[in-house]
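Reproduced below: data-v9.csv, with CSV, C-alpha atoms.
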chain,number,residue,atom,x,y,z
A,1,MET,CA,-30.3,-13.9,14.3
A,2,GLN,CA,-27.2,-11.9,15.4
A,3,PRO,CA,-27.0,-8.5,13.6
A,4,LEU,CA,-24.2,-8.0,11.1
A,5,SER,CA,-21.2,-5.9,12.1
A,6,VAL,CA,-20.7,-3.7,9.1
A,7,SER,CA,-17.8,-1.3,8.5
A,8,LEU,CA,-18.5,1.3,5.8
A,9,TRP,CA,-16.0,3.8,4.4
A,10,ARG,CA,-16.9,7.4,5.3
A,11,GLY,CA,-15.4,10.6,3.8
A,12,THR,CA,-13.1,11.0,0.9
A,13,SER,CA,-9.7,9.3,0.3
A,14,ASN,CA,-8.7,10.6,3.7
A,15,GLY,CA,-11.7,9.1,5.4
A,16,GLN,CA,-12.1,6.1,7.7
A,17,PHE,CA,-14.3,3.1,8.4
A,18,ALA,CA,-17.4,3.6,10.6
A,19,ARG,CA,-19.1,0.6,12.2
A,20,TYR,CA,-22.9,-0.1,12.1
A,21,ASP,CA,-25.1,-3.0,13.3
A,22,VAL,CA,-27.5,-4.1,10.6
A,23,PRO,CA,-30.3,-6.7,11.2
A,24,ARG,CA,-29.7,-10.0,9.3
A,25,GLN,CA,-32.3,-10.9,6.7
A,26,PRO,CA,-32.8,-14.0,4.5
A,27,SER,CA,-31.5,-13.5,0.9
A,28,GLN,CA,-30.0,-10.2,2.0
A,29,THR,CA,-27.7,-8.5,-0.6
A,30,ILE,CA,-24.8,-6.1,0.1
A,31,LEU,CA,-26.8,-3.3,-1.5
A,32,ASP,CA,-29.6,-4.1,1.0
A,33,VAL,CA,-27.2,-3.7,3.9
A,34,VAL,CA,-25.9,-0.3,2.6
A,35,THR,CA,-29.4,0.8,1.9
A,36,TYR,CA,-30.5,-0.1,5.5
A,37,VAL,CA,-27.7,2.0,6.9
A,38,GLN,CA,-28.6,5.0,4.7
A,39,ARG,CA,-32.4,4.8,5.5
A,40,HIS,CA,-32.3,3.8,9.2
A,41,LEU,CA,-29.0,4.7,10.7
A,42,ASP,CA,-27.2,7.5,8.9
A,43,SER,CA,-29.0,9.4,6.1
A,44,THR,CA,-25.7,11.3,5.2
A,45,LEU,CA,-24.2,8.1,3.7
A,46,SER,CA,-23.5,8.5,0.0
A,47,TYR,CA,-23.6,5.5,-2.4
A,48,ARG,CA,-24.7,4.9,-6.0
A,49,PHE,CA,-27.3,2.4,-7.4
A,50,ALA,CA,-30.1,2.4,-9.9
A,51,CYS,CA,-31.6,-0.8,-11.2
A,52,ARG,CA,-31.0,-3.3,-8.3
A,53,VAL,CA,-31.1,-6.2,-10.7
A,54,GLY,CA,-27.6,-6.4,-12.2
A,55,MET,CA,-28.2,-4.4,-15.4
A,56,CYS,CA,-27.0,-0.8,-14.9
A,57,GLY,CA,-23.5,-1.4,-13.4
A,58,SER,CA,-23.7,1.5,-11.0
A,59,CYS,CA,-23.6,-0.2,-7.5
A,60,ALA,CA,-20.1,-1.9,-7.6
A,61,MET,CA,-18.1,-1.5,-4.4
A,62,SER,CA,-15.3,-3.3,-2.6
A,63,VAL,CA,-16.7,-5.9,-0.3
A,64,ASN,CA,-14.2,-7.5,2.2
A,65,GLY,CA,-11.4,-6.4,-0.1
A,66,VAL,CA,-12.9,-7.7,-3.4
A,67,ALA,CA,-14.7,-5.6,-6.0
A,68,ARG,CA,-18.3,-6.9,-6.6
A,69,TRP,CA,-21.7,-5.8,-7.9
A,70,THR,CA,-23.5,-5.3,-4.7
A,71,CYS,CA,-27.1,-5.7,-5.9
A,72,ARG,CA,-26.4,-9.4,-6.9
A,73,THR,CA,-24.0,-10.3,-4.1
A,74,HIS,CA,-25.6,-12.1,-1.3
A,75,VAL,CA,-24.3,-11.5,2.2
A,76,SER,CA,-24.2,-15.2,2.9
A,77,LYS,CA,-21.7,-15.7,0.1
A,78,VAL,CA,-19.1,-13.1,1.1
A,79,ILE,CA,-19.4,-12.7,4.9
A,80,LYS,CA,-16.4,-13.4,7.1
A,81,GLY,CA,-17.5,-14.4,10.5
A,82,ASN,CA,-20.2,-11.9,11.2
A,83,THR,CA,-18.4,-8.9,9.7
A,84,LEU,CA,-18.5,-7.0,6.4
A,85,GLU,CA,-16.1,-4.3,5.3
A,86,ILE,CA,-17.5,-2.2,2.4
A,87,ALA,CA,-15.4,0.4,0.7
A,88,PRO,CA,-15.5,2.4,-2.6
A,89,LEU,CA,-14.0,0.8,-5.7
A,90,ALA,CA,-10.2,0.8,-5.8
A,91,ASN,CA,-8.3,2.6,-8.6
A,92,LEU,CA,-10.8,5.5,-8.8
A,93,PRO,CA,-11.0,8.8,-6.9
A,94,VAL,CA,-13.5,8.8,-4.0
A,95,ILE,CA,-16.1,11.6,-4.2
A,96,LYS,CA,-17.7,10.8,-0.8
A,97,ASP,CA,-18.2,7.6,1.2
A,98,LEU,CA,-18.9,4.7,-1.2
A,99,THR,CA,-19.2,6.9,-4.3
A,100,THR,CA,-16.3,7.1,-6.8
A,101,ASP,CA,-15.6,9.4,-9.7
A,102,MET,CA,-15.9,7.2,-12.8
A,103,SER,CA,-14.9,10.0,-15.3
A,104,ALA,CA,-11.4,8.6,-15.9
A,105,PHE,CA,-12.8,5.1,-16.3
A,106,PHE,CA,-15.3,6.2,-19.1
A,107,ASP,CA,-12.8,8.7,-20.7
A,108,LYS,CA,-10.6,5.7,-21.3
A,109,TRP,CA,-13.4,4.0,-23.3
A,110,ALA,CA,-13.4,7.0,-25.6
A,111,LYS,CA,-9.6,7.0,-25.8
A,112,ALA,CA,-9.7,3.3,-26.8
A,113,LYS,CA,-12.0,4.4,-29.7
A,114,GLY,CA,-14.9,2.7,-28.0
A,115,GLN,CA,-17.5,4.4,-30.2
A,116,PHE,CA,-19.0,2.7,-33.2
A,117,THR,CA,-18.1,4.3,-36.5
A,118,GLY,CA,-20.2,3.3,-39.5
A,119,ASP,CA,-20.4,4.5,-43.1
A,120,GLN,CA,-24.0,3.7,-43.9
A,121,THR,CA,-27.0,6.0,-43.8
A,122,ARG,CA,-30.6,5.5,-42.9
A,123,ASP,CA,-31.4,5.0,-46.6
A,124,ASP,CA,-29.1,2.0,-46.9
A,125,ALA,CA,-30.3,-1.5,-46.3
A,126,PHE,CA,-29.7,-3.3,-43.0
A,127,ALA,CA,-26.2,-4.9,-42.7
A,128,ILE,CA,-26.5,-8.6,-42.7
A,129,VAL,CA,-24.2,-10.2,-40.1
A,130,ARG,CA,-24.4,-14.0,-39.7
A,131,PRO,CA,-25.1,-14.8,-36.0
A,132,ASP,CA,-22.8,-17.8,-36.2
A,133,SER,CA,-19.9,-16.1,-37.9
A,134,GLU,CA,-16.6,-16.1,-36.0
A,135,LYS,CA,-16.5,-12.3,-35.6
A,136,ARG,CA,-20.1,-12.1,-34.4
A,137,LEU,CA,-19.4,-14.8,-31.8
A,138,GLU,CA,-16.4,-12.9,-30.6
A,139,ALA,CA,-18.4,-9.7,-30.4
A,140,ASP,CA,-21.1,-11.6,-28.5
A,141,ALA,CA,-18.6,-12.7,-25.9
A,142,ALA,CA,-17.5,-9.2,-25.1
A,143,ILE,CA,-20.6,-7.1,-25.7
A,144,GLU,CA,-22.5,-7.8,-22.4
A,145,CYS,CA,-20.3,-5.4,-20.3
A,146,ILE,CA,-22.4,-3.2,-18.1
A,147,GLY,CA,-19.5,-0.8,-17.3
A,148,CYS,CA,-19.6,-1.5,-13.5
A,149,GLY,CA,-15.8,-0.9,-13.1
A,150,VAL,CA,-15.2,-4.2,-11.2
A,151,CYS,CA,-12.5,-5.3,-13.6
A,152,TYR,CA,-10.9,-1.8,-13.5
A,153,ALA,CA,-10.8,-1.8,-9.7
A,154,SER,CA,-9.4,-5.4,-9.7
A,155,CYS,CA,-6.6,-4.7,-12.1
A,156,ASP,CA,-3.1,-4.4,-10.6
A,157,THR,CA,-1.7,-2.9,-13.8
A,158,VAL,CA,-4.2,0.0,-13.5
A,159,THR,CA,-3.0,0.5,-9.9
A,160,TRP,CA,0.7,0.9,-10.7
A,161,LYS,CA,0.2,2.5,-14.2
A,162,PRO,CA,-2.8,5.0,-13.9
A,163,ASP,CA,-2.7,5.9,-17.6
A,164,TYR,CA,-3.3,2.3,-18.7
A,165,LEU,CA,-6.6,2.1,-20.6
A,166,GLY,CA,-7.7,-0.9,-18.4
A,167,PRO,CA,-9.7,-4.1,-19.1
A,168,ALA,CA,-13.2,-2.6,-19.7
A,169,ALA,CA,-12.1,-0.1,-22.3
A,170,LEU,CA,-10.0,-2.7,-24.1
A,171,ASN,CA,-12.8,-5.2,-24.0
A,172,ARG,CA,-15.1,-2.6,-25.6
A,173,ALA,CA,-12.5,-2.0,-28.3
A,174,TRP,CA,-12.3,-5.8,-28.9
A,175,ALA,CA,-16.1,-5.9,-29.3
A,176,LEU,CA,-16.0,-3.2,-31.9
A,177,VAL,CA,-12.9,-4.8,-33.7
A,178,ASN,CA,-15.3,-7.7,-34.3
A,179,ASP,CA,-18.1,-5.5,-35.6
A,180,GLU,CA,-18.1,-6.1,-39.3
A,181,ARG,CA,-19.9,-2.8,-39.9
A,182,ASP,CA,-17.3,-0.6,-38.2
A,183,VAL,CA,-15.0,1.3,-40.5
A,184,ALA,CA,-12.5,2.8,-38.0
A,185,GLN,CA,-10.5,-0.4,-37.3
A,186,THR,CA,-7.0,1.0,-38.1
A,187,GLU,CA,-7.6,4.0,-35.9
A,188,ARG,CA,-8.9,1.7,-33.1
A,189,LEU,CA,-5.8,-0.5,-33.3
A,190,LYS,CA,-3.6,2.6,-33.1
A,191,ALA,CA,-5.5,3.7,-30.1
A,192,VAL,CA,-5.2,0.4,-28.2
A,193,ALA,CA,-1.5,-0.4,-29.0
A,194,GLY,CA,1.4,0.6,-26.9
A,195,ASP,CA,2.4,0.7,-23.2
A,196,ALA,CA,-0.8,2.5,-22.1
A,197,GLY,CA,-2.9,0.1,-24.1
A,198,CYS,CA,-3.0,-3.7,-24.6
A,199,HIS,CA,0.7,-4.1,-24.3
A,200,ALA,CA,0.7,-3.1,-20.7
A,201,CYS,CA,-1.5,-6.1,-19.7
A,202,HIS,CA,0.4,-8.7,-17.6
A,203,THR,CA,-2.3,-11.3,-18.0
A,204,HIS,CA,-3.0,-11.5,-14.3
A,205,THR,CA,-6.6,-12.4,-15.2
A,206,SER,CA,-8.1,-10.7,-12.1
A,207,CYS,CA,-10.6,-8.9,-14.5
A,208,ALA,CA,-11.8,-12.2,-16.0
A,209,GLU,CA,-12.0,-13.8,-12.5
A,210,ARG,CA,-14.1,-11.0,-11.0
A,211,CYS,CA,-16.3,-9.8,-13.9
A,212,PRO,CA,-19.8,-10.3,-12.7
A,213,LYS,CA,-21.0,-10.9,-16.3
A,214,GLY,CA,-18.5,-13.7,-16.9
A,215,ILE,CA,-16.6,-11.7,-19.6
A,216,SER,CA,-12.9,-12.4,-20.1
A,217,PRO,CA,-11.3,-9.0,-21.0
A,218,THR,CA,-7.9,-10.8,-20.8
A,219,ARG,CA,-8.9,-12.9,-23.8
A,220,GLY,CA,-9.8,-9.8,-25.8
A,221,ILE,CA,-6.6,-8.0,-24.8
A,222,SER,CA,-4.5,-11.0,-25.9
A,223,ALA,CA,-6.3,-11.0,-29.2
A,224,LEU,CA,-5.7,-7.2,-29.5
A,225,LYS,CA,-1.9,-7.8,-28.9
A,226,LYS,CA,-1.8,-10.2,-31.8
A,227,LEU,CA,-3.9,-8.0,-34.1
A,228,THR,CA,-1.8,-4.8,-33.4
A,229,ALA,CA,1.4,-6.8,-33.9
A,230,LYS,CA,0.3,-8.0,-37.3
A,231,ALA,CA,-0.8,-4.4,-38.2
A,232,ALA,CA,2.5,-3.0,-37.0
A,233,ILE,CA,4.5,-5.5,-39.1
A,234,ARG,CA,2.5,-4.5,-42.1
A,235,GLY,CA,3.2,-0.8,-41.3
A,236,GLU,CA,-0.4,0.1,-40.8
A,237,LEU,CA,0.2,1.6,-37.3
A,238,ASP,CA,2.8,4.2,-38.5
B,1,MET,CA,7.9,4.8,-27.4
B,2,LYS,CA,5.6,4.7,-30.4
B,3,PRO,CA,2.7,2.2,-30.2
B,4,SER,CA,3.8,0.6,-33.4
B,5,THR,CA,7.3,0.0,-32.0
B,6,GLN,CA,5.7,-1.5,-28.9
B,7,ALA,CA,3.6,-3.8,-31.0
B,8,LYS,CA,6.7,-4.9,-33.0
B,9,LEU,CA,8.7,-5.5,-29.9
B,10,TRP,CA,5.8,-7.7,-28.5
B,11,TYR,CA,5.9,-9.6,-31.8
B,12,TRP,CA,9.6,-10.3,-31.6
B,13,GLN,CA,9.4,-11.2,-28.0
B,14,ARG,CA,6.7,-13.8,-28.8
B,15,ILE,CA,8.7,-15.3,-31.8
B,16,SER,CA,11.9,-15.5,-29.7
B,17,ALA,CA,9.9,-17.1,-26.8
B,18,MET,CA,8.8,-19.8,-29.2
B,19,VAL,CA,12.4,-20.4,-30.3
B,20,LEU,CA,13.6,-20.4,-26.7
B,21,ALA,CA,10.9,-22.9,-25.6
B,22,LEU,CA,12.0,-25.3,-28.3
B,23,CYS,CA,15.7,-24.8,-27.6
B,24,VAL,CA,15.4,-25.2,-23.8
B,25,LEU,CA,13.5,-28.5,-24.4
B,26,ILE,CA,16.1,-29.9,-26.8
B,27,HIS,CA,19.0,-28.7,-24.6
B,28,LEU,CA,17.6,-30.4,-21.5
B,29,VAL,CA,16.7,-33.6,-23.3
B,30,THR,CA,20.2,-33.7,-24.9
B,31,ILE,CA,21.8,-33.4,-21.4
B,32,LEU,CA,19.7,-36.3,-20.0
B,33,VAL,CA,20.2,-38.5,-23.1
B,34,ALA,CA,23.8,-37.7,-24.0
B,35,VAL,CA,25.6,-37.9,-20.7
B,36,LYS,CA,27.2,-41.3,-20.4
B,37,GLY,CA,30.4,-41.2,-18.5
B,38,GLY,CA,29.8,-38.1,-16.3
B,39,LEU,CA,29.5,-34.4,-17.3
B,40,SER,CA,33.1,-33.5,-17.9
B,41,GLY,CA,34.4,-30.7,-20.1
B,42,ALA,CA,36.4,-33.1,-22.2
B,43,GLU,CA,33.4,-35.3,-22.9
B,44,ILE,CA,31.3,-32.3,-24.0
B,45,LEU,CA,34.0,-30.8,-26.2
B,46,ALA,CA,34.6,-34.1,-27.9
B,47,ARG,CA,31.1,-34.1,-29.1
B,48,THR,CA,30.7,-30.4,-29.9
B,49,ARG,CA,34.1,-29.7,-31.6
B,50,GLY,CA,33.6,-29.1,-35.3
B,51,SER,CA,29.9,-29.9,-35.1
B,52,ALA,CA,27.9,-27.7,-37.5
B,53,LEU,CA,24.7,-28.8,-35.7
B,54,THR,CA,26.0,-27.5,-32.4
B,55,LEU,CA,27.0,-24.2,-34.0
B,56,VAL,CA,23.6,-23.7,-35.6
B,57,PHE,CA,21.5,-24.9,-32.7
B,58,TYR,CA,23.3,-22.9,-29.9
B,59,GLY,CA,23.8,-19.9,-32.3
B,60,SER,CA,20.0,-19.8,-32.6
B,61,PHE,CA,19.6,-20.2,-28.9
B,62,VAL,CA,21.9,-17.3,-28.2
B,63,LEU,CA,20.2,-15.1,-30.8
B,64,ALA,CA,16.8,-15.8,-29.3
B,65,CYS,CA,18.1,-14.9,-25.8
B,66,ALA,CA,19.6,-11.7,-27.1
B,67,VAL,CA,16.3,-10.7,-28.6
B,68,HIS,CA,14.0,-11.9,-25.8
B,69,ALA,CA,15.7,-10.8,-22.6
B,70,PRO,CA,16.3,-7.1,-23.4
B,71,ILE,CA,12.7,-6.6,-24.4
B,72,GLY,CA,11.5,-8.1,-21.1
B,73,MET,CA,14.1,-6.0,-19.2
B,74,MET,CA,12.8,-2.9,-21.0
B,75,LYS,CA,9.3,-3.6,-19.6
B,76,ILE,CA,10.6,-4.2,-16.1
B,77,LEU,CA,12.8,-1.0,-16.1
B,78,SER,CA,10.0,1.1,-17.5
B,79,GLU,CA,7.4,0.0,-15.0
B,80,TRP,CA,9.6,-0.3,-11.9
B,81,THR,CA,12.0,2.6,-12.2
B,82,ALA,CA,11.8,6.3,-12.9
B,83,LEU,CA,14.5,6.1,-15.6
B,84,PRO,CA,13.6,8.1,-18.7
B,85,GLN,CA,12.7,6.0,-21.8
B,86,GLY,CA,15.9,6.9,-23.6
B,87,ALA,CA,18.1,5.6,-20.8
B,88,VAL,CA,16.0,2.4,-20.6
B,89,ASN,CA,16.3,1.8,-24.3
B,90,ALA,CA,20.1,2.4,-24.2
B,91,LEU,CA,20.6,0.1,-21.2
B,92,CYS,CA,18.5,-2.7,-22.8
B,93,ALA,CA,20.3,-2.3,-26.1
B,94,ALA,CA,23.6,-2.7,-24.3
B,95,PHE,CA,22.3,-5.6,-22.3
B,96,GLY,CA,21.3,-7.3,-25.6
B,97,ALA,CA,24.7,-6.6,-27.2
B,98,ILE,CA,26.5,-8.1,-24.1
B,99,LEU,CA,24.3,-11.2,-24.2
B,100,LEU,CA,25.0,-11.7,-27.9
B,101,MET,CA,28.7,-11.2,-27.5
B,102,VAL,CA,29.1,-13.5,-24.5
B,103,GLY,CA,26.9,-16.1,-26.1
B,104,ILE,CA,28.7,-16.1,-29.5
B,105,THR,CA,32.0,-16.3,-27.7
B,106,ALA,CA,30.8,-19.4,-25.8
B,107,VAL,CA,29.3,-21.1,-28.8
B,108,SER,CA,32.5,-20.4,-30.8
B,109,GLY,CA,34.5,-21.8,-27.9
B,110,VAL,CA,32.7,-25.2,-27.8
B,111,TYR,CA,32.7,-25.4,-31.6
B,112,ARG,CA,36.5,-24.8,-31.9
B,113,GLY,CA,37.2,-26.8,-28.8
Mind turning this structure into structure tokens?
Amino acid sequence: MQPLSVSLWRGTSNGQFARYDVPRQPSQTILDVVTYVQRHLDSTLSYRFACRVGMCGSCAMSVNGVARWTCRTHVSKVIKGNTLEIAPLANLPVIKDLTTDMSAFFDKWAKAKGQFTGDQTRDDAFAIVRPDSEKRLEADAAIECIGCGVCYASCDTVTWKPDYLGPAALNRAWALVNDERDVAQTERLKAVAGDAGCHACHTHTSCAERCPKGISPTRGISALKKLTAKAAIRGELD
Amino acid sequence: MKPSTQAKLWYWQRISAMVLALCVLIHLVTILVAVKGGLSGAEILARTRGSALTLVFYGSFVLACAVHAPIGMMKILSEWTALPQGAVNALCAAFGAILLMVGITAVSGVYRG
């Protein structure tokens, strides 16, 4: 089989693509390709991965211009001709090669009040949340986020408005809004309202289309817009 | 701009969009159904002169436009230009006032004939 012609981003934001020939294998993933280059062709290549099975969210990269989780992306599904172009995720500063600095991404989770705030102690009984309740189902739909950054890298609004919280942070906030045990809901709505929050979303739905876990942050963001509007009309956000 | 103000503006843009959707539909259907002998000014004015229904319907249409358009314009100017927020707000308030004034003048014109 003809070897793959792979272009990998090298350097920082001022870097350039370098080309490598990588042997083609059956069921080969993009992460396999990058790992082959690092282990056999150029050991100075930097990239990030951990679990290799789609759980940790650390290996996302831009593959032929589209943000993807590389450990679960088969070469055969995304290859164009015989070439692959692999770059670091967009909308994040490049540390080196394929590794991005995700500090701003996770800082925004904190800004969106993405931490659970309860008022029970270990001495209290377990909270009983019905698995088929409307809120629990909404939380279920949003909770499986692995923090890979694919949605954030795919979001045009983040590109032109860098202080926008982004789809992942707002999806996290939406999951917690639906947590019946959480007691910081007004503070959370205040944190996600406004032109750096849910009201900046233009509903392009790139996040929903590209989320590898099938989550729709757009849906949660739309719901946050309605909730914050109701709270603002009632004067709760002042 | 305060987050609570943003949220309220989003609410009013949504409400005015609902009104506009209904008004545009009625407006277009009325044009298709009502035109009999050509779309002349005299024919239109003969129907609208002194009509309270025309006054209320197109008055609501104009009001919804004057609320909806400036809020959208505010978003576009904030995102696409480097204008300070105060200037954006002033421009959009003026834009809304002009829309309202021109619209009311037009509605009043077709009502009085």
Per residue of chain A within 9 Å of chain B, note the shortest atom pair and the distance in Å to one decimal, counting all atoms listed in the file, and order the rows by chain and increasing residue number, as JSON lines.
{"residue": "A:Trp160", "atom": "CA", "partner": "B:Glu79", "partner_atom": "CA", "distance": 8.0}
{"residue": "A:Lys161", "atom": "CA", "partner": "B:Glu79", "partner_atom": "CA", "distance": 7.7}
{"residue": "A:Lys190", "atom": "CA", "partner": "B:Pro3", "partner_atom": "CA", "distance": 6.9}
{"residue": "A:Ala191", "atom": "CA", "partner": "B:Pro3", "partner_atom": "CA", "distance": 8.3}
{"residue": "A:Val192", "atom": "CA", "partner": "B:Pro3", "partner_atom": "CA", "distance": 8.3}
{"residue": "A:Ala193", "atom": "CA", "partner": "B:Pro3", "partner_atom": "CA", "distance": 5.1}
{"residue": "A:Gly194", "atom": "CA", "partner": "B:Pro3", "partner_atom": "CA", "distance": 3.9}
{"residue": "A:Asp195", "atom": "CA", "partner": "B:Gln6", "partner_atom": "CA", "distance": 6.9}
{"residue": "A:Ala196", "atom": "CA", "partner": "B:Pro3", "partner_atom": "CA", "distance": 8.8}
{"residue": "A:Gly197", "atom": "CA", "partner": "B:Pro3", "partner_atom": "CA", "distance": 8.5}
{"residue": "A:His199", "atom": "CA", "partner": "B:Gln6", "partner_atom": "CA", "distance": 7.3}
{"residue": "A:Ala200", "atom": "CA", "partner": "B:Lys75", "partner_atom": "CA", "distance": 8.7}
{"residue": "A:Lys225", "atom": "CA", "partner": "B:Ala7", "partner_atom": "CA", "distance": 7.1}
{"residue": "A:Lys226", "atom": "CA", "partner": "B:Tyr11", "partner_atom": "CA", "distance": 7.7}
{"residue": "A:Thr228", "atom": "CA", "partner": "B:Ala7", "partner_atom": "CA", "distance": 6.0}
{"residue": "A:Ala229", "atom": "CA", "partner": "B:Ala7", "partner_atom": "CA", "distance": 4.7}
{"residue": "A:Lys230", "atom": "CA", "partner": "B:Tyr11", "partner_atom": "CA", "distance": 8.0}
{"residue": "A:Ala231", "atom": "CA", "partner": "B:Ser4", "partner_atom": "CA", "distance": 8.3}
{"residue": "A:Ala232", "atom": "CA", "partner": "B:Ser4", "partner_atom": "CA", "distance": 5.3}
{"residue": "A:Ile233", "atom": "CA", "partner": "B:Lys8", "partner_atom": "CA", "distance": 6.5}
{"residue": "A:Gly235", "atom": "CA", "partner": "B:Ser4", "partner_atom": "CA", "distance": 8.0}
{"residue": "A:Glu236", "atom": "CA", "partner": "B:Ser4", "partner_atom": "CA", "distance": 8.5}
{"residue": "A:Leu237", "atom": "CA", "partner": "B:Ser4", "partner_atom": "CA", "distance": 5.4}
{"residue": "A:Asp238", "atom": "CA", "partner": "B:Ser4", "partner_atom": "CA", "distance": 6.3}
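Neighbours of Ser108 of chain B closer than or equal to 12 Å, with only C-alpha atoms counted and sequence neighbours fewer than 2 positions away skipped, come out as Leu45, Thr48, Arg49, Gly50, Ser51, Ala52, Thr54, Leu55, Val56, Tyr58, Gly59, Val62, Leu100, Met101, Val102, Gly103, Ile104, Thr105, Ala106, Val110, Tyr111, Arg112 and Gly113 of chain B.
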Minimum-distance residue to Ala127 of chain A, chosen among A:Ser46, A:Thr73, A:Asp182, A:Pro217 (using all atoms listed in the file): A:Asp182
How many Å lie between atom CA of Asn91 of chain A and atom CA of Ile76 of chain B, rounded to one decimal?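 One can read the atom CA of Asn91 of chain A to atom CA of Ile76 of chain B distance as 21.4 Å.
Atom CA of Asp101 of chain A is positioned 18.1 Å from atom CA of Gln16 of chain A.
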Atom CA of Leu170 of chain A and atom CA of Ala208 of chain A, how far apart in Å?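 So the answer is 12.6 Å.
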